[in-house]
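Quick notes on the structure that follows.
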Amino acid sequence: MGSPVRVLAEATPATRDRYVDLLRVASLGVVVLGHWMMAAVTPDGVGNLLAVVPALQPLTWLLQVMPVFFFVGGFSHALSYRSLLRKRPEGSADSVYAAFLRARLQRLLRPTMVFVLVWGAAALLIQLLGGGGGLTGVTLRLVTQPLWFIGIYLAMVAFTPPLLRLHERYGWGAFAGLAGAAAAVDLLRFAAGVPYVEFLNFAFVWLAVHQLGFLRADGRLGAGPGLRADGRLGAGPGLRPLRRPALLAGAGLVTAVALVAFGPYPLSMVGMPGEKVSNMAPPTLALLCHGLWLVGAVELLRAPAARLLARPRAWRTVVAANGVAMTAFLWHLTAMLGVYGAMLALDAPLPGPATAGWWAQTPLRLAAAAVLTAGLVAAFRTFERPAPSSATAGFSAPGTGSGLLAALGATLCLLGVLGLSMVGLAGLLEGRTALLIAVPVSAPAAVAMTLCGWLLVERAGRGRAVR
């Protein structure tokens, strides 16, 4: 018998779109590398390399790849939900929704809850012992920040069924409606000065990118038809559809450049410390256009990537990486800050950010962070393996799964992880809070909401299997 990865790779159906798996892993990998590179750590705190060297900000137009991950999510969610609907027992739409949420969120929430509980216990112990200053305090504030991504992804999963119905009825019109809403929000924000309206774009911008994944699932982005399982373009309609991704990439890039050049939008596609306007928090129309050009660009690369992934070794690498991607994402900041902490504890030289010594040291820091991340992945990877669910073992019989209960659980998880990403774990015993949708939330409250929401999703999605 071969290794589990080899067995899984060899069992891959011929119909599976391997490129989607590559995009999922590659986008998370770029985010991790970007975070490691942007951290400008000194004994006094953590800054941002892009603020130290503004000339590097154009690189964010290549390295801000979260839109690709959400686009891939839309594609996968559409296929998963439709598969459940085809196999459901008659009259069980509510339980199918519950099973869908549980199946899609399991590999997301199980490793996330372990991360939150481990770091919560560590933060409590540190503060009970009187620690929490210096880099330790900064770490307690920063390690939870990437959880915003988990929160947005939760919302995408929860909204998949109604948005998929809109897609099936209106096609590109559903995407245009979300994109138009994002543009209207920015108009109200910048031209009319309407307060707080900008936060609506956390939904409109990211859900519009997610909607592009639905279009890809139906072959309506243009690169799908004519692409055979071996990665080669078929005759006839295979080449013509490449025009649509090219138009999408070109239009997105030109519009994003124009918005940045003539509008109120900053150059960086990631948040910068102290800036009055961020393209990320909340997202802007410029970020949506950036997402369009990225989606078009990756679709243009689909054929050569598919040929590469037809090679067994390349595909095994992607399969192995997919099995630990979320765990690595959750713990990568822990590893990076651990490397810097060890350097400070050992009185190792820590050159100023962007100096010659800092750049020379960068490969060693990245290698150390990668090794430490690998160790953390080895310790926690088991929690990323999904338990048997109704998506794999069968489907809940009518009435055994509650869509309403699952939606409530997903909402609590969404609010919990977003709150925790904002408030962090520093000041855990002092009652430190952050404002979440006009409501102050503390770290203990955020952890409680996340845990309760996860348990509700698990309970709602479980039921008697029907094969």
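Labeling convention for the structure tokens: chains A, B, ... as they appear, residues from 1 per chain, ligands from 1 in order of appearance.
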
Discussion item. Can you pull out the residues contacting region 128-135 of chain A? Cut-off 12 Å, using only C-alpha atoms, and skip same-chain residues under 2 positions away; I want them as JSON, numbers by chain.
Written reply: {"A": [41, 42, 43, 44, 45, 46, 47, 121, 122, 123, 124, 125, 126, 137, 138, 139, 140, 141, 142, 143, 334, 336, 337, 338, 339, 340, 341, 342, 343, 344, 345, 425, 426, 427, 428, 429, 430]}

Worksheet item: Got a sec to tell me which of region 45-229 of chain A DSSP assigns to helix (DSSP H, G or I), as a PyMOL selection string?
Response: chain A and resi 49-52+54-63+66-87+93-128+134-142+147-170+172-190+197-217

Worksheet item: Hey, what's within 10 Å of region 247-257 of chain A if we count only C-alpha atoms and toss same-chain stuff fewer than 2 positions away? As number ranges by chain, please?
Response: A: 61, 221, 242-245, 259-263, 265, 267, 285-300

If you keep N, CA, C and O atoms, can you produce a file of those selected residues as a CSV table (one decimal), in the first residue's frame?
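File produced: out-v2.csv:
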chain,number,residue,atom,x,y,z
A,61,TRP,N,-0.6,44.4,-6.1
A,61,TRP,CA,-1.5,44.1,-7.2
A,61,TRP,C,-1.2,42.7,-7.8
A,61,TRP,O,-2.0,42.1,-8.5
A,221,LEU,N,-17.6,31.6,-17.7
A,221,LEU,CA,-16.4,32.6,-17.8
A,221,LEU,C,-15.7,32.4,-19.1
A,221,LEU,O,-14.9,33.3,-19.4
A,242,LEU,N,-11.5,31.7,-24.5
A,242,LEU,CA,-10.4,32.4,-23.9
A,242,LEU,C,-10.5,33.9,-24.0
A,242,LEU,O,-9.9,34.6,-23.2
A,243,ARG,N,-11.3,34.4,-24.9
A,243,ARG,CA,-11.5,35.8,-25.0
A,243,ARG,C,-12.2,36.4,-23.8
A,243,ARG,O,-11.8,37.5,-23.4
A,244,ARG,N,-13.1,35.7,-23.2
A,244,ARG,CA,-13.8,36.3,-22.1
A,244,ARG,C,-12.9,36.5,-20.9
A,244,ARG,O,-12.9,37.6,-20.3
A,245,PRO,N,-12.1,35.5,-20.5
A,245,PRO,CA,-11.1,35.8,-19.4
A,245,PRO,C,-10.2,37.0,-19.7
A,245,PRO,O,-9.9,37.8,-18.8
A,259,LEU,N,-9.4,54.0,-11.2
A,259,LEU,CA,-9.9,54.3,-9.9
A,259,LEU,C,-8.9,54.8,-9.0
A,259,LEU,O,-9.1,55.8,-8.2
A,260,VAL,N,-7.7,54.2,-9.0
A,260,VAL,CA,-6.6,54.6,-8.1
A,260,VAL,C,-6.0,55.9,-8.6
A,260,VAL,O,-5.7,56.8,-7.8
A,261,ALA,N,-5.9,56.1,-9.9
A,261,ALA,CA,-5.2,57.3,-10.5
A,261,ALA,C,-6.1,58.5,-10.3
A,261,ALA,O,-5.6,59.6,-10.0
A,262,PHE,N,-7.4,58.4,-10.5
A,262,PHE,CA,-8.3,59.5,-10.5
A,262,PHE,C,-9.3,59.6,-9.4
A,262,PHE,O,-10.0,60.6,-9.2
A,263,GLY,N,-9.4,58.5,-8.6
A,263,GLY,CA,-10.4,58.5,-7.5
A,263,GLY,C,-9.7,58.6,-6.1
A,263,GLY,O,-8.5,58.9,-6.0
A,265,TYR,N,-9.0,56.3,-4.1
A,265,TYR,CA,-8.5,55.0,-3.6
A,265,TYR,C,-7.0,54.9,-3.5
A,265,TYR,O,-6.3,55.5,-4.4
A,267,LEU,N,-3.1,53.3,-3.5
A,267,LEU,CA,-2.4,52.4,-4.4
A,267,LEU,C,-2.4,51.0,-3.9
A,267,LEU,O,-2.5,50.0,-4.6
A,285,LEU,N,-14.6,49.4,-4.4
A,285,LEU,CA,-14.8,49.1,-5.8
A,285,LEU,C,-13.5,48.8,-6.5
A,285,LEU,O,-13.4,47.9,-7.4
A,286,ALA,N,-12.4,49.5,-6.1
A,286,ALA,CA,-11.1,49.3,-6.6
A,286,ALA,C,-10.6,47.9,-6.4
A,286,ALA,O,-10.0,47.2,-7.2
A,287,LEU,N,-10.9,47.4,-5.2
A,287,LEU,CA,-10.5,46.0,-4.8
A,287,LEU,C,-11.3,45.0,-5.6
A,287,LEU,O,-10.8,44.0,-6.1
A,288,LEU,N,-12.6,45.3,-5.9
A,288,LEU,CA,-13.4,44.4,-6.7
A,288,LEU,C,-12.8,44.3,-8.1
A,288,LEU,O,-12.7,43.2,-8.7
A,289,CYS,N,-12.5,45.5,-8.7
A,289,CYS,CA,-11.9,45.5,-10.0
A,289,CYS,C,-10.5,44.7,-10.0
A,289,CYS,O,-10.2,44.0,-11.0
A,290,HIS,N,-9.8,44.9,-9.0
A,290,HIS,CA,-8.5,44.1,-8.8
A,290,HIS,C,-8.8,42.6,-8.8
A,290,HIS,O,-8.1,41.8,-9.5
A,291,GLY,N,-9.9,42.2,-8.2
A,291,GLY,CA,-10.3,40.8,-8.1
A,291,GLY,C,-10.7,40.3,-9.5
A,291,GLY,O,-10.4,39.2,-9.9
A,292,LEU,N,-11.4,41.2,-10.3
A,292,LEU,CA,-11.7,40.8,-11.7
A,292,LEU,C,-10.5,40.5,-12.5
A,292,LEU,O,-10.5,39.5,-13.3
A,293,TRP,N,-9.5,41.4,-12.4
A,293,TRP,CA,-8.3,41.1,-13.3
A,293,TRP,C,-7.6,39.9,-12.8
A,293,TRP,O,-7.1,39.1,-13.7
A,294,LEU,N,-7.6,39.6,-11.5
A,294,LEU,CA,-6.9,38.4,-11.1
A,294,LEU,C,-7.7,37.1,-11.5
A,294,LEU,O,-7.0,36.2,-12.0
A,295,VAL,N,-9.0,37.2,-11.4
A,295,VAL,CA,-9.8,36.0,-11.9
A,295,VAL,C,-9.6,35.8,-13.4
A,295,VAL,O,-9.4,34.6,-13.8
A,296,GLY,N,-9.6,36.8,-14.2
A,296,GLY,CA,-9.4,36.7,-15.6
A,296,GLY,C,-8.0,36.1,-15.9
A,296,GLY,O,-7.8,35.2,-16.7
A,297,ALA,N,-7.0,36.6,-15.1
A,297,ALA,CA,-5.6,36.2,-15.3
A,297,ALA,C,-5.4,34.7,-15.0
A,297,ALA,O,-4.8,33.9,-15.8
A,298,VAL,N,-6.0,34.2,-13.9
A,298,VAL,CA,-5.8,32.8,-13.5
A,298,VAL,C,-6.6,31.9,-14.5
A,298,VAL,O,-6.2,30.8,-14.7
A,299,GLU,N,-7.7,32.4,-15.0
A,299,GLU,CA,-8.4,31.6,-16.0
A,299,GLU,C,-7.6,31.4,-17.3
A,299,GLU,O,-7.7,30.4,-18.0
A,300,LEU,N,-6.9,32.5,-17.7
A,300,LEU,CA,-6.0,32.4,-18.8
A,300,LEU,C,-4.9,31.3,-18.7
A,300,LEU,O,-4.4,30.8,-19.7

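Residue neighbourhood of region 316-323 of chain A, excluding near-sequence residues (fewer than 2 positions): Val5, Arg6, Leu8, Ala9, Glu10, Arg18, Asp21, Leu22, Arg24, Val25, Leu309, Arg311, Pro312, Arg313, Ala314, Ala325, Met326, Thr327, Arg381, Glu384 and Arg385 of chain A, at 9 Å, using only C-alpha atoms.
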
Worksheet item: If we count only C-alpha atoms, what is near Met66 (chain A) at a cut-off of 9 Å, once residues fewer than 5 positions away on the same chain are taken out, given as a ChimeraX atom specification?
Response: /A:27-28,31,71,149,291

Practice prompt. Might you pull out every residue within 12 Å of Lys276 (chain A), with only C-alpha atoms counted and same-chain residues fewer than 6 positions away left off, and present them as a VMD selection string?
Written response: chain A and resid 190 264 to 266 282

Fill in: For CA of Val209 (chain A) and CA of Gly74 (chain A), the interatomic separation in Å (one decimal)
8.0 Å

Discussion item. Can you tell me which residues surround Thr373 (chain A) at a distance of at most 9 Å, considering only C-alpha atoms, apart from same-chain residues fewer than 4 positions away, and format the answer as a VMD selection string?
Written reply: chain A and resid 328 331 to 336 368 to 369 377 to 378

Item to complete: Pick out each residue of region 9-99 of chain A that DSSP on the backbone tags as strand (DSSP E); I need them as number ranges by chain.
Response: A: 39-42, 45-48

May I have the selected residues written with N, CA and C atoms, as a PDB file, in the first residue's frame?
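The resulting file, again39.pdb, is reproduced below:
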ATOM      1  N   ALA A  39       5.994  41.820   7.486  1.00  0.00           N
ATOM      2  CA  ALA A  39       6.213  42.099   8.909  1.00  0.00           C
ATOM      3  C   ALA A  39       7.558  42.790   9.123  1.00  0.00           C
ATOM      4  N   ALA A  40       7.501  43.993   9.660  1.00  0.00           N
ATOM      5  CA  ALA A  40       8.712  44.747   9.970  1.00  0.00           C
ATOM      6  C   ALA A  40       8.826  44.811  11.491  1.00  0.00           C
ATOM      7  N   VAL A  41       9.438  43.776  12.069  1.00  0.00           N
ATOM      8  CA  VAL A  41       9.486  43.625  13.521  1.00  0.00           C
ATOM      9  C   VAL A  41      10.750  44.287  14.075  1.00  0.00           C
ATOM     10  N   THR A  42      10.565  45.079  15.123  1.00  0.00           N
ATOM     11  CA  THR A  42      11.664  45.679  15.876  1.00  0.00           C
ATOM     12  C   THR A  42      11.418  45.374  17.351  1.00  0.00           C
ATOM     13  N   GLY A  45       8.069  46.845  18.472  1.00  0.00           N
ATOM     14  CA  GLY A  45       6.762  46.454  17.952  1.00  0.00           C
ATOM     15  C   GLY A  45       6.854  45.902  16.543  1.00  0.00           C
ATOM     16  N   VAL A  46       5.689  45.817  15.888  1.00  0.00           N
ATOM     17  CA  VAL A  46       5.594  45.255  14.539  1.00  0.00           C
ATOM     18  C   VAL A  46       5.026  46.307  13.612  1.00  0.00           C
ATOM     19  N   GLY A  47       5.764  46.613  12.566  1.00  0.00           N
ATOM     20  CA  GLY A  47       5.297  47.546  11.555  1.00  0.00           C
ATOM     21  C   GLY A  47       5.028  46.839  10.243  1.00  0.00           C
ATOM     22  N   ASN A  48       4.884  47.631   9.175  1.00  0.00           N
ATOM     23  CA  ASN A  48       4.568  47.098   7.852  1.00  0.00           C
ATOM     24  C   ASN A  48       5.648  47.541   6.881  1.00  0.00           C
TER      25      ASN A  48
END

Worksheet item: With distances taken over only C-alpha atoms, which of A:Ser3, A:Thr284, A:Thr450, A:Ser421 is nearest to Gly409 (chain A)?
Response: A:Thr450

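If you look at CA of Leu414 (chain A) and CA of Val447 (chain A), they are 11.1 Å away from each other.
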
Practice prompt. For CA of Val457 (chain A) and CA of Ile437 (chain A), determine how far apart the two atoms are, in Å to one decimal place.
Written response: 22.7 Å
